[in-house]
Structure formats: C-alpha cells, structure tokens
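K.L.:
What follows is a single structure, and I will ask about it in a moment.
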Amino acid sequence: MNAGEVVHPRRRMALLLLGLSALLPLPGLLAAPHDTMLPIYTLFVAAVLLRRPLEAAAGRVRLPRGWAFGLLVLASGLLTETLAWLSSYLSRAPEPALLHPQLAYDLLLSPVVYGGWALAWPLLMRRWRFSLAEVFVIQGLYGILLEQDGLILRQGLASMPWGLVLWAYVFLVYGSAIGLAYLPFEQHYASEDRRGDWARLPIALGATLVATVVASLSWMAVLSLLGVSIPPPRPIVEAPLW
C-alpha cells in the first residue's frame with residue numbers, strides 16, 4: 001500500500017479481519033505440545049499485508065518467471081515440511097505423519113510432493129489466469145484429499161461435525177504453503193491476457209494430483225540413479241536430524 005493511498009472502508013475492514021485471523025494459530029503454538037504447523041498461515045497473512053515489497057523483489061529476479069515461481073514453491077515446501085517436522089518432534093510423536101522422521105531425509109524426500117506443485121502450477125499459469133484466492137482454495141482441497149494418503153479425508157468424514165475443524169486445519173496449511181510462493185508473482189501473471197473460464201479450477205486440482213504422482217516417481221528415480229539410499233525410519237526423539 002502506497003503512502004497516502006485511500007483505502008475503501010470495506011477493504012480496510014477486510015484487511016483488519018485478515019490481520020486478526022493471523023492469530024488463529026496462537027492457541028496451538030502456546031499449548032503443550034506446541035503446534036508449529038499452523039503458524040505458516042500467520043506467515044501467509046504477513047506476506048499478504050506486505051505484498052508490495054515481495055512483488056518488487058520477485059520482479060528483480062533474473063530468472064524466467066516459471067522457474068522462479070517453481071523454485072519458490074520448492075522453498076515454501078521445505079519450510080512447510082520443516083514446520084511439520086518440528087511440531088512432530090516437540091510432541092514426541094511415535095509415528096509422525098512425515099515423509100521421514102529424520103529431518104534431513106524428510107527434506108530430501110520433500111520434492112515427491114512439492115515438486116508436483118512446482119511442475120503443475122507454472123504450466124497451468126501459461127494457459128489460464130488464477131487469483132491468489134483460487135490457488136489457495138485449490139491447494140487446500142488438494143491437501144484434504146491427499147494428506148496421509150486420504151486418511152484426513154476419511155477421518156473428517158467419520159468424525160463430523162468436528163471433522164470440519166480437521167479439514168480446515170489442513171486446508172489452511174496447504175493453502176498457505178502455495179500462497180506464500182504464488183503471492184509475489186500474482187500481479188505479474190495477472191498482467192498478461194489469460195483465459196479465466198470456470199473449467200480451469202477442477203482441471204488445476206486434477207493436474208496437481210497427477211503432477212504429484214509424476215514428481216514422486218521421477219524424484220525417487222533420480223535418487224536411485226544417484227545411489228542415494230533412504231535409511232529405515234527411527235524414533236524422532238532418538239534421531240531427530242539424520
């Protein structure tokens with residue numbers, strides 16, 4: 001927001017409510033064991049409120065936009081996975097819902113998920129126009145459908161109406177992870193003429209699901225060709241890092 005810019009009262013109220021929503025993770029963060037996963041939503045809200053300098057920084061990157069966006073998706077994925085690992089470590093989870101209990105291998109395996117996002121979204125942006133809210137919602141739904149191989153979806157259905165809380169948690173985490181990466185580039189993509197028909201929304205959801213399978217198989221093949229072996233999981237409290 002520029003100095004002296006007049007803000008419409010409705011927009012001012014929307015920004016105020018958005019800012020207040022950043023406090024949603026606070027109870028979980030202060031409780032024991034500490035939940036460090038949901039605070040990614042707080043980071044997303046902060047990025048929305050500070051979007052002008054982030055957009056300016058993205059405009060100075062000397063890389064093709066698709067590559068820059070994809071790399072930022074991977075970086076956001078590493079951050080998301082680190083926060084998930086920290087939450088599991090602090091809770092001393094016996095079977096953490098991670099790609100691997102040891103942080104180094106968890107991050108090494110992270111492209112099996114986030115690589116799919118980094119592949120799908122820049123390609124989708126070449127054909128269609130997506131708002132930040134649309135990307136957030138699509139990726140949030142993706143999380144509900146795919147997290148823990150569909151376990152979150154089934155648990156939510158089995159525990160209604162409390163299942164809605166579980167789904168909302170996962171929705172905010174996944175939406176924030178992609179939102180952090182897309183926000184600096186939204187205006188750059190919006191400046192180009194792209195189609196905005198409704199069919200792009202289910203297509204995008206399907207594309208991210210398919211791209212995740214492709215990324216998973218491809219990354220595991222790369223690790224195999226490089227001779228990288230992933231050791232069996234050990235208790236996270238006994239071997240937190242590797």
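In the structure tokens, each chain is lettered A, B, ... as it comes, each chain's residues begin at 1, and ligands are numbered from 1 in order of appearance.
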Please tabulate, as CSV, the residues of stretch 126-235 of chain A that come within 12 Å of stretch 9-25 of chain A, each with its closest pair of atoms and the distance in Å to one decimal, counting only C-alpha atoms and ordering rows by chain, then residue number upward.

P.N.:
```
residue,atom,partner,partner_atom,distance
A:Ala168,CA,A:Leu24,CA,11.5
A:Tyr169,CA,A:Pro25,CA,9.6
A:Leu172,CA,A:Pro25,CA,10.3
A:Val173,CA,A:Pro25,CA,10.6
A:Ser176,CA,A:Ala22,CA,11.4
```

K.L.:
Of the candidates A:Leu38, A:Ala97, A:Leu74, A:Ala47, which one gets nearest to A:Ile236 if we count only C-alpha atoms?

P.N.:
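Smallest separation from A:Ile236 among the options: A:Ala97.
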
K.L.:
Rank nothing, just name the residue among A:Phe130, A:Tyr114, A:Trp85, A:Trp67 nearest to A:Ile178, using only C-alpha atoms.

P.N.:
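For A:Ile178, the nearest of the candidates is A:Tyr114.
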
K.L.:
Give me the residues within 12 Å of A:Glu238 as a ChimeraX atom specification, counting only C-alpha atoms and dropping any in the same chain fewer than 3 places off.

P.N.:
/A:89,92-94,101-102,233-235,241-242

K.L.:
Taking 4 positions as the minimum chain separation for residues in the same chain, which residues sit within 10 Å of stretch 180-185 of chain A when counting only C-alpha atoms? Answer as a PDB file with N, CA, C and O atoms, in the first residue's frame.

P.N.:
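Heads up, here's the output in out-v2.pdb:
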```pdb
ATOM      1  N   ILE A  40       2.223 -21.343   9.741  1.00  0.00           N
ATOM      2  CA  ILE A  40       2.514 -20.989   8.349  1.00  0.00           C
ATOM      3  C   ILE A  40       1.407 -20.093   7.796  1.00  0.00           C
ATOM      4  O   ILE A  40       1.643 -19.266   6.914  1.00  0.00           O
ATOM      5  N   TYR A  41       0.201 -20.230   8.340  1.00  0.00           N
ATOM      6  CA  TYR A  41      -0.887 -19.343   7.922  1.00  0.00           C
ATOM      7  C   TYR A  41      -0.598 -17.909   8.368  1.00  0.00           C
ATOM      8  O   TYR A  41      -0.889 -16.955   7.641  1.00  0.00           O
ATOM      9  N   LEU A  43       2.347 -16.596   8.640  1.00  0.00           N
ATOM     10  CA  LEU A  43       3.344 -16.107   7.687  1.00  0.00           C
ATOM     11  C   LEU A  43       2.684 -15.692   6.380  1.00  0.00           C
ATOM     12  O   LEU A  43       3.073 -14.695   5.768  1.00  0.00           O
ATOM     13  N   PHE A  44       1.690 -16.455   5.953  1.00  0.00           N
ATOM     14  CA  PHE A  44       0.979 -16.115   4.723  1.00  0.00           C
ATOM     15  C   PHE A  44       0.253 -14.772   4.870  1.00  0.00           C
ATOM     16  O   PHE A  44       0.315 -13.933   3.968  1.00  0.00           O
ATOM     17  N   VAL A  45      -0.437 -14.583   5.984  1.00  0.00           N
ATOM     18  CA  VAL A  45      -1.143 -13.316   6.206  1.00  0.00           C
ATOM     19  C   VAL A  45      -0.153 -12.156   6.214  1.00  0.00           C
ATOM     20  O   VAL A  45      -0.407 -11.093   5.614  1.00  0.00           O
ATOM     21  N   ALA A  46       0.989 -12.347   6.868  1.00  0.00           N
ATOM     22  CA  ALA A  46       2.006 -11.298   6.885  1.00  0.00           C
ATOM     23  C   ALA A  46       2.476 -10.982   5.465  1.00  0.00           C
ATOM     24  O   ALA A  46       2.693  -9.815   5.108  1.00  0.00           O
ATOM     25  N   ALA A  47       2.626 -12.024   4.640  1.00  0.00           N
ATOM     26  CA  ALA A  47       3.050 -11.805   3.259  1.00  0.00           C
ATOM     27  C   ALA A  47       1.997 -11.029   2.477  1.00  0.00           C
ATOM     28  O   ALA A  47       2.331 -10.155   1.660  1.00  0.00           O
ATOM     29  N   VAL A  48       0.715 -11.311   2.721  1.00  0.00           N
ATOM     30  CA  VAL A  48      -0.359 -10.578   2.037  1.00  0.00           C
ATOM     31  C   VAL A  48      -0.307  -9.105   2.413  1.00  0.00           C
ATOM     32  O   VAL A  48      -0.441  -8.215   1.555  1.00  0.00           O
ATOM     33  N   LEU A  50       2.224  -7.458   3.322  1.00  0.00           N
ATOM     34  CA  LEU A  50       3.486  -6.858   2.862  1.00  0.00           C
ATOM     35  C   LEU A  50       3.758  -7.206   1.404  1.00  0.00           C
ATOM     36  O   LEU A  50       4.910  -7.310   0.988  1.00  0.00           O
ATOM     37  N   ARG A  51       2.714  -7.362   0.619  1.00  0.00           N
ATOM     38  CA  ARG A  51       2.873  -7.911  -0.716  1.00  0.00           C
ATOM     39  C   ARG A  51       3.628  -6.988  -1.666  1.00  0.00           C
ATOM     40  O   ARG A  51       4.305  -7.471  -2.585  1.00  0.00           O
ATOM     41  N   ARG A  52       3.539  -5.675  -1.491  1.00  0.00           N
ATOM     42  CA  ARG A  52       4.203  -4.754  -2.429  1.00  0.00           C
ATOM     43  C   ARG A  52       5.715  -4.989  -2.493  1.00  0.00           C
ATOM     44  O   ARG A  52       6.263  -5.135  -3.588  1.00  0.00           O
ATOM     45  N   PRO A  53       6.432  -5.005  -1.374  1.00  0.00           N
ATOM     46  CA  PRO A  53       7.878  -5.268  -1.474  1.00  0.00           C
ATOM     47  C   PRO A  53       8.198  -6.676  -1.970  1.00  0.00           C
ATOM     48  O   PRO A  53       9.220  -6.876  -2.639  1.00  0.00           O
ATOM     49  N   LEU A  54       7.339  -7.644  -1.667  1.00  0.00           N
ATOM     50  CA  LEU A  54       7.556  -9.001  -2.166  1.00  0.00           C
ATOM     51  C   LEU A  54       7.398  -9.054  -3.683  1.00  0.00           C
ATOM     52  O   LEU A  54       8.167  -9.729  -4.380  1.00  0.00           O
ATOM     53  N   GLU A  55       6.399  -8.344  -4.199  1.00  0.00           N
ATOM     54  CA  GLU A  55       6.210  -8.285  -5.648  1.00  0.00           C
ATOM     55  C   GLU A  55       7.390  -7.580  -6.314  1.00  0.00           C
ATOM     56  O   GLU A  55       7.850  -8.004  -7.390  1.00  0.00           O
ATOM     57  N   ALA A  56       7.881  -6.539  -5.676  1.00  0.00           N
ATOM     58  CA  ALA A  56       9.024  -5.816  -6.238  1.00  0.00           C
ATOM     59  C   ALA A  56      10.257  -6.713  -6.269  1.00  0.00           C
ATOM     60  O   ALA A  56      11.016  -6.708  -7.249  1.00  0.00           O
ATOM     61  N   ALA A  57      10.461  -7.482  -5.211  1.00  0.00           N
ATOM     62  CA  ALA A  57      11.602  -8.399  -5.169  1.00  0.00           C
ATOM     63  C   ALA A  57      11.483  -9.470  -6.239  1.00  0.00           C
ATOM     64  O   ALA A  57      12.468  -9.828  -6.895  1.00  0.00           O
ATOM     65  N   ALA A  58      10.277 -10.004  -6.438  1.00  0.00           N
ATOM     66  CA  ALA A  58      10.071 -11.021  -7.471  1.00  0.00           C
ATOM     67  C   ALA A  58      10.352 -10.450  -8.856  1.00  0.00           C
ATOM     68  O   ALA A  58      10.877 -11.154  -9.731  1.00  0.00           O
ATOM     69  N   GLY A  59      10.031  -9.179  -9.065  1.00  0.00           N
ATOM     70  CA  GLY A  59      10.275  -8.555 -10.357  1.00  0.00           C
ATOM     71  C   GLY A  59      11.745  -8.363 -10.665  1.00  0.00           C
ATOM     72  O   GLY A  59      12.122  -8.200 -11.829  1.00  0.00           O
ATOM     73  N   ARG A  65      10.198 -16.431 -15.282  1.00  0.00           N
ATOM     74  CA  ARG A  65       9.217 -16.374 -14.207  1.00  0.00           C
ATOM     75  C   ARG A  65       8.758 -17.762 -13.763  1.00  0.00           C
ATOM     76  O   ARG A  65       8.599 -18.023 -12.570  1.00  0.00           O
ATOM     77  N   GLY A  66       8.541 -18.660 -14.722  1.00  0.00           N
ATOM     78  CA  GLY A  66       8.115 -20.008 -14.365  1.00  0.00           C
ATOM     79  C   GLY A  66       9.125 -20.712 -13.487  1.00  0.00           C
ATOM     80  O   GLY A  66       8.763 -21.403 -12.529  1.00  0.00           O
ATOM     81  N   ALA A  68      11.425 -19.200 -11.551  1.00  0.00           N
ATOM     82  CA  ALA A  68      11.467 -18.516 -10.256  1.00  0.00           C
ATOM     83  C   ALA A  68      10.290 -18.936  -9.381  1.00  0.00           C
ATOM     84  O   ALA A  68      10.443 -19.203  -8.177  1.00  0.00           O
ATOM     85  N   PHE A  69       9.107 -19.003  -9.976  1.00  0.00           N
ATOM     86  CA  PHE A  69       7.916 -19.434  -9.250  1.00  0.00           C
ATOM     87  C   PHE A  69       8.077 -20.871  -8.765  1.00  0.00           C
ATOM     88  O   PHE A  69       7.809 -21.190  -7.600  1.00  0.00           O
ATOM     89  N   GLY A  70       8.535 -21.756  -9.637  1.00  0.00           N
ATOM     90  CA  GLY A  70       8.724 -23.148  -9.256  1.00  0.00           C
ATOM     91  C   GLY A  70       9.731 -23.321  -8.126  1.00  0.00           C
ATOM     92  O   GLY A  70       9.516 -24.108  -7.196  1.00  0.00           O
ATOM     93  N   LEU A  71      10.828 -22.582  -8.194  1.00  0.00           N
ATOM     94  CA  LEU A  71      11.839 -22.669  -7.132  1.00  0.00           C
ATOM     95  C   LEU A  71      11.294 -22.149  -5.812  1.00  0.00           C
ATOM     96  O   LEU A  71      11.606 -22.694  -4.746  1.00  0.00           O
ATOM     97  N   LEU A  72      10.479 -21.107  -5.875  1.00  0.00           N
ATOM     98  CA  LEU A  72       9.886 -20.582  -4.646  1.00  0.00           C
ATOM     99  C   LEU A  72       8.866 -21.571  -4.072  1.00  0.00           C
ATOM    100  O   LEU A  72       8.722 -21.677  -2.849  1.00  0.00           O
ATOM    101  N   VAL A  73       8.175 -22.295  -4.936  1.00  0.00           N
ATOM    102  CA  VAL A  73       7.275 -23.347  -4.465  1.00  0.00           C
ATOM    103  C   VAL A  73       8.067 -24.403  -3.688  1.00  0.00           C
ATOM    104  O   VAL A  73       7.658 -24.840  -2.603  1.00  0.00           O
ATOM    105  N   LEU A  74       9.216 -24.813  -4.234  1.00  0.00           N
ATOM    106  CA  LEU A  74      10.043 -25.803  -3.541  1.00  0.00           C
ATOM    107  C   LEU A  74      10.557 -25.258  -2.213  1.00  0.00           C
ATOM    108  O   LEU A  74      10.594 -25.981  -1.209  1.00  0.00           O
ATOM    109  N   ALA A  75      10.947 -23.973  -2.191  1.00  0.00           N
ATOM    110  CA  ALA A  75      11.422 -23.369  -0.942  1.00  0.00           C
ATOM    111  C   ALA A  75      10.305 -23.315   0.097  1.00  0.00           C
ATOM    112  O   ALA A  75      10.516 -23.605   1.278  1.00  0.00           O
ATOM    113  N   SER A  76       9.100 -22.962  -0.349  1.00  0.00           N
ATOM    114  CA  SER A  76       7.962 -22.941   0.564  1.00  0.00           C
ATOM    115  C   SER A  76       7.654 -24.344   1.065  1.00  0.00           C
ATOM    116  O   SER A  76       7.277 -24.543   2.222  1.00  0.00           O
ATOM    117  N   GLY A  77       7.831 -25.343   0.203  1.00  0.00           N
ATOM    118  CA  GLY A  77       7.637 -26.726   0.617  1.00  0.00           C
ATOM    119  C   GLY A  77       8.625 -27.150   1.680  1.00  0.00           C
ATOM    120  O   GLY A  77       8.265 -27.845   2.639  1.00  0.00           O
ATOM    121  N   ALA A 118       5.470 -27.539  -8.032  1.00  0.00           N
ATOM    122  CA  ALA A 118       6.384 -26.699  -8.800  1.00  0.00           C
ATOM    123  C   ALA A 118       6.297 -27.000 -10.291  1.00  0.00           C
ATOM    124  O   ALA A 118       6.582 -26.136 -11.127  1.00  0.00           O
ATOM    125  N   TRP A 121       1.879 -25.887 -11.372  1.00  0.00           N
ATOM    126  CA  TRP A 121       1.346 -24.522 -11.354  1.00  0.00           C
ATOM    127  C   TRP A 121       1.956 -23.602 -12.411  1.00  0.00           C
ATOM    128  O   TRP A 121       1.213 -22.865 -13.082  1.00  0.00           O
ATOM    129  N   PRO A 122       3.280 -23.593 -12.622  1.00  0.00           N
ATOM    130  CA  PRO A 122       3.789 -22.732 -13.699  1.00  0.00           C
ATOM    131  C   PRO A 122       3.234 -23.108 -15.070  1.00  0.00           C
ATOM    132  O   PRO A 122       2.994 -22.228 -15.905  1.00  0.00           O
ATOM    133  N   PHE A 130      -5.242 -17.317 -12.720  1.00  0.00           N
ATOM    134  CA  PHE A 130      -5.703 -17.731 -11.395  1.00  0.00           C
ATOM    135  C   PHE A 130      -5.432 -16.609 -10.400  1.00  0.00           C
ATOM    136  O   PHE A 130      -4.350 -16.025 -10.394  1.00  0.00           O
ATOM    137  N   SER A 131      -6.422 -16.360  -9.555  1.00  0.00           N
ATOM    138  CA  SER A 131      -6.204 -15.408  -8.469  1.00  0.00           C
ATOM    139  C   SER A 131      -5.511 -16.129  -7.315  1.00  0.00           C
ATOM    140  O   SER A 131      -5.481 -17.366  -7.256  1.00  0.00           O
ATOM    141  N   LEU A 132      -4.982 -15.347  -6.395  1.00  0.00           N
ATOM    142  CA  LEU A 132      -4.348 -15.926  -5.215  1.00  0.00           C
ATOM    143  C   LEU A 132      -5.348 -16.760  -4.429  1.00  0.00           C
ATOM    144  O   LEU A 132      -5.023 -17.858  -3.950  1.00  0.00           O
ATOM    145  N   ALA A 133      -6.583 -16.257  -4.298  1.00  0.00           N
ATOM    146  CA  ALA A 133      -7.610 -16.990  -3.558  1.00  0.00           C
ATOM    147  C   ALA A 133      -7.917 -18.329  -4.221  1.00  0.00           C
ATOM    148  O   ALA A 133      -8.103 -19.348  -3.541  1.00  0.00           O
ATOM    149  N   VAL A 135      -5.902 -20.186  -6.156  1.00  0.00           N
ATOM    150  CA  VAL A 135      -4.773 -21.091  -5.942  1.00  0.00           C
ATOM    151  C   VAL A 135      -4.793 -21.625  -4.509  1.00  0.00           C
ATOM    152  O   VAL A 135      -4.561 -22.820  -4.267  1.00  0.00           O
ATOM    153  N   PHE A 136      -5.066 -20.754  -3.558  1.00  0.00           N
ATOM    154  CA  PHE A 136      -5.145 -21.141  -2.151  1.00  0.00           C
ATOM    155  C   PHE A 136      -6.207 -22.227  -1.948  1.00  0.00           C
ATOM    156  O   PHE A 136      -5.953 -23.258  -1.306  1.00  0.00           O
ATOM    157  N   GLY A 175      -3.044 -24.404   1.731  1.00  0.00           N
ATOM    158  CA  GLY A 175      -3.282 -23.166   1.009  1.00  0.00           C
ATOM    159  C   GLY A 175      -2.203 -22.131   1.264  1.00  0.00           C
ATOM    160  O   GLY A 175      -1.756 -21.438   0.341  1.00  0.00           O
ATOM    161  N   SER A 176      -1.754 -22.049   2.513  1.00  0.00           N
ATOM    162  CA  SER A 176      -0.717 -21.076   2.860  1.00  0.00           C
ATOM    163  C   SER A 176       0.613 -21.427   2.214  1.00  0.00           C
ATOM    164  O   SER A 176       1.366 -20.539   1.788  1.00  0.00           O
ATOM    165  N   TYR A 189       1.577 -12.369 -13.327  1.00  0.00           N
ATOM    166  CA  TYR A 189       0.775 -13.257 -14.176  1.00  0.00           C
ATOM    167  C   TYR A 189      -0.528 -12.570 -14.594  1.00  0.00           C
ATOM    168  O   TYR A 189      -1.002 -12.755 -15.714  1.00  0.00           O
ATOM    169  N   ALA A 190      -1.125 -11.799 -13.695  1.00  0.00           N
ATOM    170  CA  ALA A 190      -2.403 -11.149 -13.985  1.00  0.00           C
ATOM    171  C   ALA A 190      -2.278 -10.090 -15.075  1.00  0.00           C
ATOM    172  O   ALA A 190      -3.269  -9.746 -15.723  1.00  0.00           O
TER     173      ALA A 190
END
```

K.L.:
Could you check how far atom CA of A:Gly28 sits from atom CA of A:Trp167, in Å to one decimal?

P.N.:
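Between these atoms lies a distance of 15.9 Å.
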
K.L.:
Restricting the calculation to only C-alpha atoms: of A:Tyr105, A:Arg127, A:Ser87, A:Thr82, which residue gets closest to A:Ser229?

P.N.:
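Result for the nearest residue to A:Ser229: A:Tyr105.
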
K.L.:
With DSSP run on the backbone, what are the alpha helix (DSSP H) residues within stretch 8-86 of chain A? I'd like them as a ChimeraX atom specification.

P.N.:
/A:9-21,26-30,39-49,51-59,65-86

K.L.:
What separation in Å, quoted to one decimal, exists between atom CA of A:Gly206 and atom CA of A:Leu108?

P.N.:
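For atom CA of A:Gly206 relative to atom CA of A:Leu108, the distance reads 25.2 Å.
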